[in-house]
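What follows is entry17.csv (CSV, C-alpha atoms and all ligand atoms).
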chain,number,residue,atom,x,y,z
A,1418,MET,CA,-28.3,-12.3,54.4
A,1419,ILE,CA,-29.2,-10.1,51.5
A,1420,GLU,CA,-27.1,-7.0,51.0
A,1421,TYR,CA,-27.7,-4.1,48.7
A,1422,GLU,CA,-24.5,-2.1,48.2
A,1423,GLY,CA,-25.0,1.3,46.6
A,1424,VAL,CA,-27.4,-0.1,44.1
A,1425,THR,CA,-28.7,2.0,41.2
A,1426,LYS,CA,-31.1,1.3,38.4
A,1427,THR,CA,-31.5,3.6,35.4
A,1428,PHE,CA,-33.8,2.2,32.8
A,1429,PRO,CA,-32.9,2.5,29.1
A,1430,ASP,CA,-35.4,5.4,28.7
A,1431,GLY,CA,-33.4,7.3,31.3
A,1432,SER,CA,-35.8,6.9,34.2
A,1433,ILE,CA,-34.0,6.4,37.5
A,1434,ALA,CA,-36.0,3.9,39.5
A,1435,VAL,CA,-33.4,3.4,42.3
A,1436,SER,CA,-30.5,5.7,43.2
A,1437,SER,CA,-27.7,4.4,45.4
A,1438,PHE,CA,-29.6,2.2,47.7
A,1439,SER,CA,-27.8,0.4,50.5
A,1440,PHE,CA,-29.4,-1.9,53.0
A,1441,GLN,CA,-28.9,-5.3,54.7
A,1442,ILE,CA,-31.6,-7.8,55.2
A,1443,PRO,CA,-30.6,-10.2,58.0
A,1444,SER,CA,-31.3,-13.9,57.6
A,1445,HIS,CA,-34.5,-15.3,59.0
A,1446,GLN,CA,-36.1,-11.8,59.3
A,1447,VAL,CA,-39.1,-10.2,57.6
A,1448,VAL,CA,-38.1,-6.8,56.1
A,1449,ALA,CA,-41.0,-4.8,54.7
A,1450,LEU,CA,-40.3,-2.2,52.1
A,1451,VAL,CA,-43.1,0.3,52.1
A,1452,GLY,CA,-43.5,3.4,49.9
A,1453,SER,CA,-45.8,5.1,47.4
A,1454,SER,CA,-46.4,3.8,44.0
A,1455,GLY,CA,-43.4,4.2,41.7
A,1456,CYS,CA,-40.8,4.7,44.4
A,1457,GLY,CA,-38.8,1.6,43.3
A,1458,LYS,CA,-40.0,-1.2,45.5
A,1459,THR,CA,-40.6,-3.8,42.8
A,1460,THR,CA,-37.3,-2.8,41.1
A,1461,LEU,CA,-35.4,-3.4,44.4
A,1462,LEU,CA,-37.1,-6.8,44.9
A,1463,ARG,CA,-36.4,-8.0,41.4
A,1464,MET,CA,-32.7,-7.2,41.7
A,1465,VAL,CA,-32.4,-10.0,44.2
A,1466,ASN,CA,-33.4,-12.7,41.7
A,1467,ARG,CA,-31.9,-10.9,38.7
A,1468,MET,CA,-35.2,-10.2,37.0
A,1469,VAL,CA,-33.8,-6.6,37.0
A,1470,GLU,CA,-30.0,-6.0,36.7
A,1471,PRO,CA,-28.7,-3.0,38.6
A,1472,THR,CA,-26.8,-0.4,36.5
A,1473,GLY,CA,-24.6,0.4,39.5
A,1474,GLY,CA,-23.7,-1.2,42.8
A,1475,ARG,CA,-24.1,-4.9,43.8
A,1476,VAL,CA,-26.6,-7.2,45.4
A,1477,LEU,CA,-25.1,-10.0,47.5
A,1478,ILE,CA,-26.7,-13.1,49.0
A,1479,ASP,CA,-24.7,-14.5,51.8
A,1480,GLY,CA,-21.7,-12.6,50.6
A,1481,ARG,CA,-21.9,-13.7,47.0
A,1482,ASP,CA,-22.7,-11.3,44.2
A,1483,VAL,CA,-25.9,-12.4,42.4
A,1484,ARG,CA,-24.3,-11.6,39.1
A,1485,GLU,CA,-22.0,-14.6,39.6
A,1486,MET,CA,-25.0,-16.9,39.9
A,1487,ASP,CA,-26.9,-18.5,37.0
A,1488,PRO,CA,-30.1,-16.5,36.7
A,1489,VAL,CA,-32.4,-19.5,36.2
A,1490,ALA,CA,-30.9,-21.5,39.1
A,1491,LEU,CA,-31.1,-18.4,41.2
A,1492,ARG,CA,-34.8,-17.8,40.4
A,1493,ARG,CA,-35.6,-21.4,41.2
A,1494,SER,CA,-33.9,-21.1,44.5
A,1495,ILE,CA,-35.8,-18.1,45.6
A,1496,GLY,CA,-39.6,-18.0,46.3
A,1497,TYR,CA,-41.4,-15.2,44.5
A,1498,VAL,CA,-45.0,-14.3,45.3
A,1499,LEU,CA,-46.8,-11.7,43.2
A,1500,GLN,CA,-50.0,-9.7,43.7
A,1501,ASN,CA,-52.0,-11.5,41.1
A,1502,GLY,CA,-50.7,-14.9,42.2
A,1503,GLY,CA,-48.8,-15.3,38.9
A,1504,LEU,CA,-50.3,-18.8,38.6
A,1505,LEU,CA,-50.2,-20.8,35.4
A,1506,PRO,CA,-53.8,-20.7,34.2
A,1507,HIS,CA,-53.9,-24.0,32.4
A,1508,ARG,CA,-52.4,-26.1,35.2
A,1509,THR,CA,-54.3,-27.3,38.2
A,1510,VAL,CA,-53.6,-25.9,41.6
A,1511,VAL,CA,-51.5,-28.9,42.7
A,1512,ASP,CA,-49.5,-28.8,39.5
A,1513,ASN,CA,-48.9,-25.1,39.9
A,1514,VAL,CA,-47.2,-25.9,43.2
A,1515,ALA,CA,-45.5,-29.1,42.0
A,1516,THR,CA,-44.0,-27.7,38.7
A,1517,VAL,CA,-40.7,-26.2,39.9
A,1518,PRO,CA,-39.8,-29.2,42.1
A,1519,MET,CA,-40.5,-31.4,39.1
A,1520,LEU,CA,-38.2,-29.2,37.0
A,1521,GLN,CA,-35.6,-29.8,39.6
A,1522,GLY,CA,-35.9,-33.5,39.3
A,1523,VAL,CA,-38.4,-34.5,41.9
A,1524,SER,CA,-40.8,-37.2,40.6
A,1525,ARG,CA,-44.3,-36.2,39.7
A,1526,ARG,CA,-45.8,-38.4,42.5
A,1527,GLU,CA,-43.5,-37.0,45.2
A,1528,ALA,CA,-43.9,-33.4,44.0
A,1529,ARG,CA,-47.7,-33.7,44.0
A,1530,SER,CA,-47.9,-35.3,47.3
A,1531,ALA,CA,-45.6,-32.6,48.8
A,1532,ALA,CA,-47.7,-30.0,47.1
A,1533,VAL,CA,-50.9,-31.2,48.7
A,1534,GLY,CA,-49.1,-31.0,52.1
A,1535,LEU,CA,-48.1,-27.5,51.4
A,1536,LEU,CA,-51.6,-26.5,50.3
A,1537,GLU,CA,-52.9,-27.7,53.6
A,1538,ARG,CA,-50.0,-25.8,55.4
A,1539,VAL,CA,-51.1,-22.5,53.9
A,1540,GLY,CA,-54.7,-23.1,54.9
A,1541,LEU,CA,-56.2,-24.3,51.6
A,1542,ASP,CA,-58.7,-27.2,51.5
A,1543,PRO,CA,-56.9,-30.0,49.7
A,1544,GLN,CA,-60.1,-30.7,47.8
A,1545,LEU,CA,-59.3,-27.6,45.8
A,1546,ALA,CA,-56.1,-29.1,44.5
A,1547,THR,CA,-57.5,-30.3,41.3
A,1548,ARG,CA,-59.2,-27.0,40.3
A,1549,PHE,CA,-57.7,-24.5,38.0
A,1550,PRO,CA,-56.6,-21.1,39.3
A,1551,ALA,CA,-59.6,-19.3,37.8
A,1552,GLN,CA,-61.9,-21.5,39.9
A,1553,LEU,CA,-60.5,-20.1,43.1
A,1554,SER,CA,-61.2,-16.8,45.0
A,1555,GLY,CA,-58.5,-14.2,45.0
A,1556,GLY,CA,-57.5,-15.1,48.6
A,1557,GLN,CA,-57.3,-18.8,47.7
A,1558,GLN,CA,-55.1,-18.0,44.7
A,1559,GLN,CA,-52.8,-16.1,46.9
A,1560,ARG,CA,-52.5,-19.0,49.3
A,1561,VAL,CA,-51.5,-21.2,46.3
A,1562,GLY,CA,-49.0,-18.5,45.3
A,1563,VAL,CA,-47.4,-18.8,48.8
A,1564,ALA,CA,-47.4,-22.6,48.6
A,1565,ARG,CA,-45.8,-22.5,45.2
A,1566,ALA,CA,-43.1,-20.2,46.4
A,1567,LEU,CA,-42.4,-22.5,49.3
A,1568,ALA,CA,-42.3,-25.7,47.2
A,1569,THR,CA,-38.6,-25.7,46.7
A,1570,ASP,CA,-38.0,-24.9,50.4
A,1571,PRO,CA,-36.1,-21.7,49.5
A,1572,ASN,CA,-34.2,-19.7,52.1
A,1573,ILE,CA,-35.4,-16.4,50.6
A,1574,LEU,CA,-39.0,-15.4,49.8
A,1575,LEU,CA,-39.7,-12.3,47.8
A,1576,MET,CA,-43.2,-11.0,48.2
A,1577,ASP,CA,-44.5,-8.2,45.9
A,1578,GLU,CA,-47.8,-6.8,47.2
A,1579,PRO,CA,-49.0,-10.4,47.6
A,1580,PHE,CA,-52.1,-9.5,49.5
A,1581,GLY,CA,-52.9,-6.3,47.7
A,1582,ALA,CA,-55.8,-7.5,45.7
A,1583,VAL,CA,-58.0,-9.1,48.4
A,1584,ASP,CA,-60.5,-7.6,50.8
A,1585,PRO,CA,-59.4,-6.5,54.2
A,1586,ILE,CA,-60.7,-9.5,56.1
A,1587,VAL,CA,-59.1,-12.0,53.8
A,1588,ARG,CA,-56.0,-9.9,53.8
A,1589,ARG,CA,-55.8,-10.1,57.5
A,1590,ASP,CA,-56.2,-13.9,57.4
A,1591,LEU,CA,-53.4,-14.1,54.9
A,1592,GLN,CA,-51.1,-12.0,57.0
A,1593,ASP,CA,-51.9,-14.1,60.1
A,1594,GLU,CA,-51.1,-17.2,58.0
A,1595,LEU,CA,-47.8,-15.8,56.9
A,1596,LEU,CA,-46.8,-14.8,60.4
A,1597,SER,CA,-47.6,-18.3,61.7
A,1598,LEU,CA,-45.7,-20.0,58.8
A,1599,GLN,CA,-42.7,-17.7,59.4
A,1600,ALA,CA,-42.7,-18.6,63.1
A,1601,ASP,CA,-42.1,-22.2,62.0
A,1602,LEU,CA,-40.0,-21.7,58.9
A,1603,GLY,CA,-37.8,-18.7,59.7
A,1604,LYS,CA,-37.2,-17.6,56.0
A,1605,THR,CA,-35.5,-14.4,55.0
A,1606,ILE,CA,-38.5,-12.5,53.6
A,1607,LEU,CA,-38.4,-9.3,51.6
A,1608,PHE,CA,-42.0,-8.0,51.6
A,1609,VAL,CA,-43.1,-5.1,49.4
A,1610,THR,CA,-46.3,-3.2,50.2
A,1611,HIS,CA,-47.7,0.3,50.0
A,1612,ASP,CA,-49.8,-0.3,53.1
A,1613,VAL,CA,-48.2,0.9,56.2
A,1614,ASP,CA,-50.3,-1.2,58.5
A,1615,GLU,CA,-49.3,-4.3,56.7
A,1616,ALA,CA,-45.7,-3.3,56.8
A,1617,PHE,CA,-45.9,-2.7,60.6
A,1618,ARG,CA,-47.8,-5.9,61.2
A,1619,LEU,CA,-45.5,-8.2,59.2
A,1620,GLY,CA,-42.0,-6.6,59.3
A,1621,ASP,CA,-39.4,-7.3,62.0
A,1622,GLU,CA,-37.9,-4.3,60.3
A,1623,VAL,CA,-39.6,-1.7,58.1
A,1624,VAL,CA,-37.9,0.5,55.4
A,1625,VAL,CA,-39.9,3.6,54.5
A,1626,LEU,CA,-39.0,4.6,51.0
A,1627,ARG,CA,-39.4,7.8,49.1
A,1628,GLU,CA,-38.8,8.4,45.4
A,1629,ARG,CA,-35.9,6.6,43.7
A,1630,ALA,CA,-35.9,4.3,46.7
A,1631,ALA,CA,-34.3,6.8,49.0
A,1632,ILE,CA,-34.6,5.5,52.6
A,1633,ALA,CA,-36.7,7.9,54.6
A,1634,GLN,CA,-36.3,5.8,57.7
A,1635,SER,CA,-35.7,2.2,58.7
A,1636,GLY,CA,-36.1,0.4,61.9
A,1637,THR,CA,-38.5,-1.7,63.9
A,1638,PRO,CA,-42.2,-0.8,63.6
A,1639,ALA,CA,-42.2,0.3,67.2
A,1640,SER,CA,-39.1,2.6,66.8
A,1641,ILE,CA,-40.6,4.2,63.7
A,1642,LEU,CA,-43.9,4.8,65.4
A,1643,ALA,CA,-42.3,6.1,68.5
A,1644,SER,CA,-40.0,8.6,66.7
A,1645,PRO,CA,-40.7,9.2,63.0
A,1646,ALA,CA,-37.4,10.6,61.5
A,1647,ASN,CA,-39.0,13.5,59.6
A,1648,ASP,CA,-42.2,15.0,58.2
A,1649,PHE,CA,-42.3,12.7,55.3
A,1650,VAL,CA,-42.3,9.6,57.5
A,1651,ARG,CA,-44.8,11.2,59.9
A,1652,ALA,CA,-47.2,12.0,57.0
A,1653,PHE,CA,-46.6,8.6,55.4
A,1654,ILE,CA,-47.3,6.5,58.5
A,1655,GLY,CA,-50.6,8.3,58.6
A,1656,ALA,CA,-52.2,11.4,59.8
A,1657,ASP,CA,-54.9,9.1,61.1
A,1658,ARG,CA,-52.5,7.4,63.3
A,1659,ALA,CA,-52.4,10.5,65.5
A,1660,ALA,CA,-56.2,10.1,65.9
A,1661,ARG,CA,-55.5,6.5,66.9
A,1662,ALA,CA,-53.0,7.5,69.5
A,1663,LEU,CA,-53.9,5.5,72.6
A,1664,ARG,CA,-54.3,6.7,76.1
A,1665,ILE,CA,-54.9,4.9,79.3
A,1666,GLU,CA,-58.1,5.2,81.3
A,1667,HIS,CA,-58.6,3.6,84.7
A,1668,VAL,CA,-61.9,1.7,84.8
A,1669,ASP,CA,-63.0,-0.5,87.7
A,1670,GLY,CA,-59.4,-0.8,88.9
A,1671,ARG,CA,-58.0,-1.8,85.5
A,1672,ASP,CA,-56.0,0.1,82.9
A,1673,VAL,CA,-58.0,0.3,79.6
A,1674,ALA,CA,-56.4,1.5,76.4
A,1675,VAL,CA,-58.6,4.0,74.6
A,1676,ASP,CA,-58.1,5.4,71.1
A,1677,GLY,CA,-58.3,8.9,69.8
A,1678,GLN,CA,-62.1,8.6,69.3
A,1679,GLY,CA,-62.6,7.3,72.8
A,1680,THR,CA,-63.2,3.7,71.7
A,1681,PRO,CA,-61.8,1.2,74.2
A,1682,VAL,CA,-59.3,-1.1,72.3
A,1683,GLY,CA,-58.1,-3.4,75.0
A,1684,VAL,CA,-57.0,-3.9,78.6
A,1685,ILE,CA,-53.4,-3.4,79.7
A,1686,GLU,CA,-52.2,-6.4,81.6
A,1687,PRO,CA,-50.3,-5.4,84.7
B,1701,LIG,N1,-38.9,-1.3,32.4
B,1701,LIG,C1,-39.0,0.0,32.8
B,1701,LIG,N2,-38.6,1.0,32.0
B,1701,LIG,C2,-38.7,2.3,32.4
B,1701,LIG,N3,-39.0,2.7,33.7
B,1701,LIG,C3,-39.4,1.8,34.5
B,1701,LIG,C4,-39.4,0.4,34.2
B,1701,LIG,N4,-39.8,-0.3,35.3
B,1701,LIG,C5,-40.1,0.6,36.2
B,1701,LIG,N5,-39.8,1.8,35.8
B,1701,LIG,C6,-40.0,3.1,36.6
B,1701,LIG,O1,-39.2,3.0,37.7
B,1701,LIG,C7,-39.9,3.5,38.8
B,1701,LIG,C8,-40.0,2.5,39.9
B,1701,LIG,O2,-40.8,1.4,39.5
B,1701,LIG,P1,-41.2,0.2,40.5
B,1701,LIG,O3,-42.1,-0.7,39.8
B,1701,LIG,O4,-40.0,-0.3,41.1
B,1701,LIG,O5,-42.0,1.0,41.7
B,1701,LIG,P2,-42.9,0.5,42.8
B,1701,LIG,O6,-42.6,1.2,44.0
B,1701,LIG,O7,-42.8,-1.0,42.9
B,1701,LIG,O8,-44.4,0.9,42.3
B,1701,LIG,P3,-45.8,0.2,42.5
B,1701,LIG,O9,-46.1,0.2,43.9
B,1701,LIG,O10,-46.7,1.1,41.7
B,1701,LIG,O11,-45.6,-1.2,41.9
B,1701,LIG,C9,-41.2,4.0,38.3
B,1701,LIG,O12,-41.1,5.4,38.1
B,1701,LIG,C10,-41.4,3.3,37.0
B,1701,LIG,O13,-42.1,4.0,36.1
Whole structure, structure tokens version:
Amino acid sequence: MIEYEGVTKTFPDGSIAVSSFSFQIPSHQVVALVGSSGCGKTTLLRMVNRMVEPTGGRVLIDGRDVREMDPVALRRSIGYVLQNGGLLPHRTVVDNVATVPMLQGVSRREARSAAVGLLERVGLDPQLATRFPAQLSGGQQQRVGVARALATDPNILLMDEPFGAVDPIVRRDLQDELLSLQADLGKTILFVTHDVDEAFRLGDEVVVLRERAAIAQSGTPASILASPANDFVRAFIGADRAARALRIEHVDGRDVAVDGQGTPVGVIEP
């Protein structure tokens, strides 16, 4: 479990990125932090692996204050996926995935062979393993980023807008892939996005943030959709969502779900 206890971050220039944020991320769950640009999502994420140190409050992992942990060991024990992949440009795909395990003492051969397995696992053709990152599409690079984050078999994955830079179809594929990996692996995942649909699709729980990481609402996607806590959440989860509000029509003895524009979107099973 990851716990934020009254966490605050004031940067040296006086800007307050996070003000008194408290939240618990249960183990083996995906929690999606969603909010507009600049609301403090990345700052929150980076506090877990100590890339940002809070100026107040504490972050605990399984009851232990992260400040008591060695930052390098901590970072190596937590998977981190960034929007642009964050891959090392001068190393091949397979070596990008194998590097951290090798730093941890795994032999080159073993690390490379595990890396190829992981690349397959995230849906990447193993033939691409000897390419360099620049020779891959954006979506393929993100898959490598996920494989690399998983290479040390961490309990925690931090994902910062990992699918933000790819087209909607590839994005959807990557989301599916993550959901299927998570069904097998059961990691504790903290996922940052500004896209409400993505947050609702991936999060077991969603935290809607406003400026300075104030929690506007948290809960399951269904509970937030069913009863937005206030006008901010209502506006944030999308004016267009009202247009998408579904209704049931009876057609040929079956219940068909129809959206706000009258487009049938599916059949309701009895
Ligand atoms: N090193 C820094 N020094 C000063 N201010 C910073 C620093 N890093 C972030 N901030 C400020 O803190 C606030 C939160 O930034 P953060 O990157 O956490 O937001 P975000 O929600 O992740 O935004 P985005 O979605 O645009 O990445 C912003 O106002 C930002 O300008």
**Prompt:** Which distance in Å separates CA of Glu1470 (chain A) and CA of Leu1626 (chain A), to one decimal?
**Reply:**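 Straight-line distance from CA of Glu1470 (chain A) to CA of Leu1626 (chain A) works out to 19.9 Å.
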**Residue nearest Leu1491 (chain A) - candidates A:Thr1569, A:Gln1446, A:Gln1678, A:Ser1554, atoms counted: all atoms listed in the file** = A:Thr1569
**Request:** Compare A:Pro1579, A:Pro1638, A:Gly1556, A:Pro1550 by their minimum atom-to-atom distance to ligand LIG 1701 (chain B), counting only C-alpha atoms and all ligand atoms, and give me the closest one.
**Result:** A:Pro1579
Determine, using all atoms listed in the file, which residues of chain A have any atom at most 7 Å from an atom of ligand LIG 1701 (chain B), and tabulate each with its shortest atom pair and distance in Å to one decimal place, rows ordered by chain and then rising number, as JSON lines.
{"residue": "A:Phe1428", "atom": "CA", "partner": "B:LIG1701", "partner_atom": "C2", "distance": 4.9}
{"residue": "A:Pro1429", "atom": "CA", "partner": "B:LIG1701", "partner_atom": "N2", "distance": 6.6}
{"residue": "A:Asp1430", "atom": "CA", "partner": "B:LIG1701", "partner_atom": "C2", "distance": 5.8}
{"residue": "A:Ser1432", "atom": "CA", "partner": "B:LIG1701", "partner_atom": "N3", "distance": 5.3}
{"residue": "A:Ile1433", "atom": "CA", "partner": "B:LIG1701", "partner_atom": "O1", "distance": 6.2}
{"residue": "A:Ala1434", "atom": "CA", "partner": "B:LIG1701", "partner_atom": "O1", "distance": 3.8}
{"residue": "A:Gly1452", "atom": "CA", "partner": "B:LIG1701", "partner_atom": "O6", "distance": 6.4}
{"residue": "A:Ser1453", "atom": "CA", "partner": "B:LIG1701", "partner_atom": "O9", "distance": 6.0}
{"residue": "A:Ser1454", "atom": "CA", "partner": "B:LIG1701", "partner_atom": "O10", "distance": 3.6}
{"residue": "A:Gly1455", "atom": "CA", "partner": "B:LIG1701", "partner_atom": "O5", "distance": 3.5}
{"residue": "A:Cys1456", "atom": "CA", "partner": "B:LIG1701", "partner_atom": "O6", "distance": 4.0}
{"residue": "A:Gly1457", "atom": "CA", "partner": "B:LIG1701", "partner_atom": "O4", "distance": 3.1}
{"residue": "A:Lys1458", "atom": "CA", "partner": "B:LIG1701", "partner_atom": "O7", "distance": 3.8}
{"residue": "A:Thr1459", "atom": "CA", "partner": "B:LIG1701", "partner_atom": "O7", "distance": 3.6}
{"residue": "A:Thr1460", "atom": "CA", "partner": "B:LIG1701", "partner_atom": "O4", "distance": 3.7}
{"residue": "A:Leu1461", "atom": "CA", "partner": "B:LIG1701", "partner_atom": "O4", "distance": 6.5}
{"residue": "A:His1611", "atom": "CA", "partner": "B:LIG1701", "partner_atom": "O9", "distance": 6.3}
{"residue": "A:Arg1629", "atom": "CA", "partner": "B:LIG1701", "partner_atom": "C8", "distance": 6.9}
**Prompt:** Which neighbours of Asp1614 (chain A) fall inside 10 Å, counting all atoms listed in the file, when residues of the same chain fewer than 2 positions from it are skipped, and could you give them as an NGL selection string?
**Reply:** :A and (1451 or 1610-1612 or 1616-1620 or 1638 or 1654-1655)
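The gap separating CA of Tyr1497 (chain A) from CA of Ala1566 (chain A) is 5.6 Å, in Å to one decimal.
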**Item:** Shortest interatomic distance to Ala1532 (chain A) - which of A:Leu1567, A:Leu1596, A:Leu1504, A:Ala1551, counting only C-alpha atoms
**Value:** A:Leu1567
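Nearest residue to Arg1588 (chain A) among A:Asp1669, A:Arg1664, A:Gln1500, A:Ala1652 is A:Gln1500, counting all atoms listed in the file.
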